[in-house]
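Here's the structure, in structure tokens; my notes come after.
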Amino acid sequence: MILTLRMIFKEFIAKHLLGYIVGISALVLSCYIAVVIPQILGNVTNALENKTLPGGEIAKLSAEMLLLAVALLVLKFTFRSLILGKSRDIECFMRSKLFDHFQKLPPKFYNSHKTGDLMSYVINDLGAVRMAFAMGFVNLVEAVLINLSTIIVMAGTINLTLTLISVIPVVIAIFVIFFLKTPIRVKFRLVQNAFADLSDKIQENISGIRIVKGYVQEDAEVKKLEKASLERVRLQVEYKRTSGILNPAINASFGVCFSIVLIFGAIYTVKGYINIGDFVVFNTYFGMMLAPISNLGRVVEIWQNAFASMNRLDEIFAAKSDIPDLPDAVKEEVQNGEIEINNLTFKYTGAQKNALEDINIHVPAGKTLGIIGTTGAGKTTLMNLLLRLYKIDDGKILLDGIDINKRETVALRKNIGYVPQDNFLFADTINVNIKFFDEIIKKEAVIDSAKLACVYENIMGFPGDFETIIGERGITLSGGQKQRISIARAVVKNPAILILDDSLSAVDTNTEEQILSNIKKILTDRTGVIISHRISTVKNADEIIYLDHGKIIERGTHGELLAKGGEYYRLNEKQALENEIFGDKSDSVGAGASRQNDKDEVKVRGFFGNDGGGGLQ
């Protein structure tokens, strides 16, 4: 079932129905009192003119007006607290629903949507919807109730001709609104899109600031941002030019009508058609209509903005995963870790060639599979399919004998430890990154996993050891440190299947051997999948497959593959020759061949100093 904003609104309002009932009741009652007060003022004026009102009665009416004013104050406070307060709550509620929806969307959705664009949905569009539920709703109700009530009272109790004159600004407002509502909505959508584009450029530039500095492109990037900013300004000006027509048109018509009302009202009073009290009441009512009518322009703008944003948000909510869980999906987690892949063929959407073709693999529980091959051979794609990040249409992947398409996605991934190529770390403490926000994991387990990943000594060298806060995406760490912390994060889960996707590329061979030796100990009763470009990483696996252009061209143990004298053998000879000539070019920090160890690199990069990120200045 596709989630929509209407469904979200219904769910929220159902939970807060009493608050809305009280708030709307207070709003309606405040409008009623606002209409009653001028009537009392008119009666007092007429009585004073005719000298028929005793002093005690004047005091009583004055007290009555004072009580109504206090009641109006309380009612306004009540509906503003409830209705405007609930608008903040509904914004948070919608944001939670949207963020939850983002979590369920597949990777291919994010391949076609920029981060800046998605951020504009979460911030700008939700803000526009909130405004509609706040002052947009309050001003709309006040405009309808106060204008309608005052018009009925003026026409029924004072003078029909003057009432018809006073209605002219309302008619003009409705006429202008009818013609401007669609252009306002369209132009606001363009403004939102421009904001998304601008946000994306800023986010992308900041994320890639080291590349920008390294290629001396600061001025060029500033010019690109200026161009995007000017485009947003242009669209914003067009939008304001359109929406700005409404208020001046209403205010101008109101001013003209007010002058006409004063002239005719004075004439009618002199001729005795109405008395002074009625004239005072009429002018008071006519003045009361000014604020709601003037607010109509803002109300229309708010609601048209909200409609444009709601359409954008509904488009996002309409996006759904192509790998949904079946109603009878298996909720049991992977226990043994047996992997079986049968006749698997896969092609990315829009691609001309298959990323994988006729893949058949069997990894018994407790065994380790090594995967090696050229760049783009399909190694990472295979792991993405194993984690069910993409839909499998041709072939099967079985875990513990159960098709992953028949497993509940959360249960499938819960007992798999995965270290991806792009070792993403959060801007939080090292402890939180290893635990990955799972408070159940004990500190002892975090320490053990760090030791296993050979990063414990580096962590203890930081000023706050495990409580050291790293930068965005772990930017304050070296490549080797990030990889090893990512390994610790996967190991601490104590998973049934451990997947290392080229996760040792930034460490030296000695550290690699130590990590693999440690991992081998924990893989004695677990299934392991190790992907690498280096034969030294996979040579001890129980079986090794060589992928090339999405196909398995060789398979066997390290010794068997060398004996075949094929692609694996040639790659081994090439890497052995490179090591002999150039030596081991990767180091324990993954940042260059010249540094001795991670601790030295941290000092060089100024991790404890002012530059914070060690990047180009």
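Labeling convention for the structure tokens: chains A, B, ... as they appear, residues from 1 per chain, ligands from 1 in order of appearance.
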Might you pull out every residue within 9 Å of Leu98 of chain A, with only C-alpha atoms counted and same-chain residues fewer than 6 positions away left off, and present them as a ChimeraX atom specification? /A:121-122,313,316-317
Show me, as a PyMOL selection string, the residues that have an atom within 12 Å of Arg489 of chain A when counting only C-alpha atoms, minus same-chain residues fewer than 6 positions from it. chain A and resi 416-420+423-426+430-438+441+445-453+455+482-483+495+498-500
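Nearest residue to Phe346 of chain A among A:Gly550, A:Lys181, A:Leu3, A:Ala155 is A:Gly550, counting only C-alpha atoms.
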To test your reading of the structure, identify every residue in segment 135-338 of chain A that backbone DSSP assigns to helix (DSSP H, G or I), and report it as number ranges by chain. A: 135-157, 160-207, 209-214, 218-243, 246-271, 276-318
Using only C-alpha atoms, which protein or nucleic acid residues come within 6 Å of segment 225-241 of chain A? Drop anything in the same chain fewer than 4 positions from it, and give the result as a PyMOL selection string. chain A and resi 187+191+194+198
Just C-alpha atoms for this one: save the residues we selected as a compact mmCIF listing (two decimals), in the first residue's frame.
# COMPACT_ATOMS: atom_id res chain seq x y z
CA LYS A 187 6.20 29.05 -9.51
CA VAL A 191 11.51 27.72 -6.45
CA ALA A 194 15.92 25.51 -7.53
CA LEU A 198 21.42 24.81 -4.81
Write out as a ChimeraX atom specification which residues come within 10 Å of Arg298 of chain A when counting only C-alpha atoms, dropping same-chain ones fewer than 4 positions away. /A:135-136,139-140,243-244,246-247,292-294,302-304
Residues near segment 29-44 of chain A, cut-off 7 Å, only C-alpha atoms, skip fewer than 2 positions along chain, as a ChimeraX atom specification: /A:25-27,46-48,65,68,72,75-76,142,145-146,150,277-278,280-281,284
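Using only C-alpha atoms, the residues found no farther than 9 Å from Gly471 of chain A, other than those of its own chain fewer than 3 positions away, are Leu425, Phe426, Ala427, Asp428, Gly474, Ile475, Thr476, Leu477, Gly612 and Gly613 of chain A.
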Could you dump the residues just selected with N, CA and C atoms as a tab-separated table (two decimals), in the first residue's frame?
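Result file follows (out_15.tsv):
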chain	number	residue	atom	x	y	z
A	425	LEU	N	31.65	6.05	7.87
A	425	LEU	CA	31.61	6.23	9.32
A	425	LEU	C	30.82	7.50	9.62
A	426	PHE	N	30.15	7.49	10.77
A	426	PHE	CA	29.33	8.62	11.17
A	426	PHE	C	30.15	9.61	11.99
A	427	ALA	N	29.72	10.87	11.96
A	427	ALA	CA	30.41	11.92	12.72
A	427	ALA	C	30.04	11.80	14.19
A	428	ASP	N	30.56	10.76	14.82
A	428	ASP	CA	30.28	10.48	16.22
A	428	ASP	C	31.52	9.87	16.83
A	474	GLY	N	34.18	10.06	8.80
A	474	GLY	CA	35.46	9.64	9.34
A	474	GLY	C	36.63	10.33	8.69
A	475	ILE	N	36.44	11.59	8.30
A	475	ILE	CA	37.45	12.31	7.53
A	475	ILE	C	38.74	12.53	8.32
A	476	THR	N	38.66	12.53	9.66
A	476	THR	CA	39.86	12.77	10.47
A	476	THR	C	40.70	11.51	10.62
A	477	LEU	N	40.22	10.39	10.09
A	477	LEU	CA	40.97	9.14	10.16
A	477	LEU	C	41.62	8.85	8.82
A	612	GLY	N	42.30	19.87	12.27
A	612	GLY	CA	41.17	18.98	12.48
A	612	GLY	C	41.02	17.91	11.44
A	613	GLY	N	41.17	18.18	10.18
A	613	GLY	CA	40.91	17.18	9.17
A	613	GLY	C	42.13	16.80	8.39
Please provide as a PyMOL selection string all residues within 9 Å of Phe307 of chain A, with the sequence filter that same-chain residues fewer than 2 positions apart are discarded (counting only C-alpha atoms). chain A and resi 128-129+132+185+302-305+309-312
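Between atom CA of Ile531 of chain A and atom CA of Val491 of chain A the interatomic distance comes to 16.1 Å.
Nearest to Leu547 of chain A of all the residues A:Pro463, A:Asp358, A:Ile581, A:Thr509 is A:Asp358, counting only C-alpha atoms.
The nearest approach to Arg407 of chain A among the residues A:Lys391, A:Lys97, A:Lys564, A:Lys331, with only C-alpha atoms taken into account, belongs to A:Lys331.
Of the listed residues (A:Asp403, A:Asp502, A:Glu580, A:Glu64), A:Asp502 comes nearest to Thr374 of chain A; the distances count only C-alpha atoms.
The residue that comes closest to Arg570 of chain A, out of A:Gly272, A:Ser321, A:Gly373, A:Lys551 and on the basis of only C-alpha atoms, is A:Gly373.
When only C-alpha atoms are used to compute distances to Leu387 of chain A, the closest of the residues A:Arg189, A:Ile459, A:Pro107, A:Val492 turns out to be A:Pro107.
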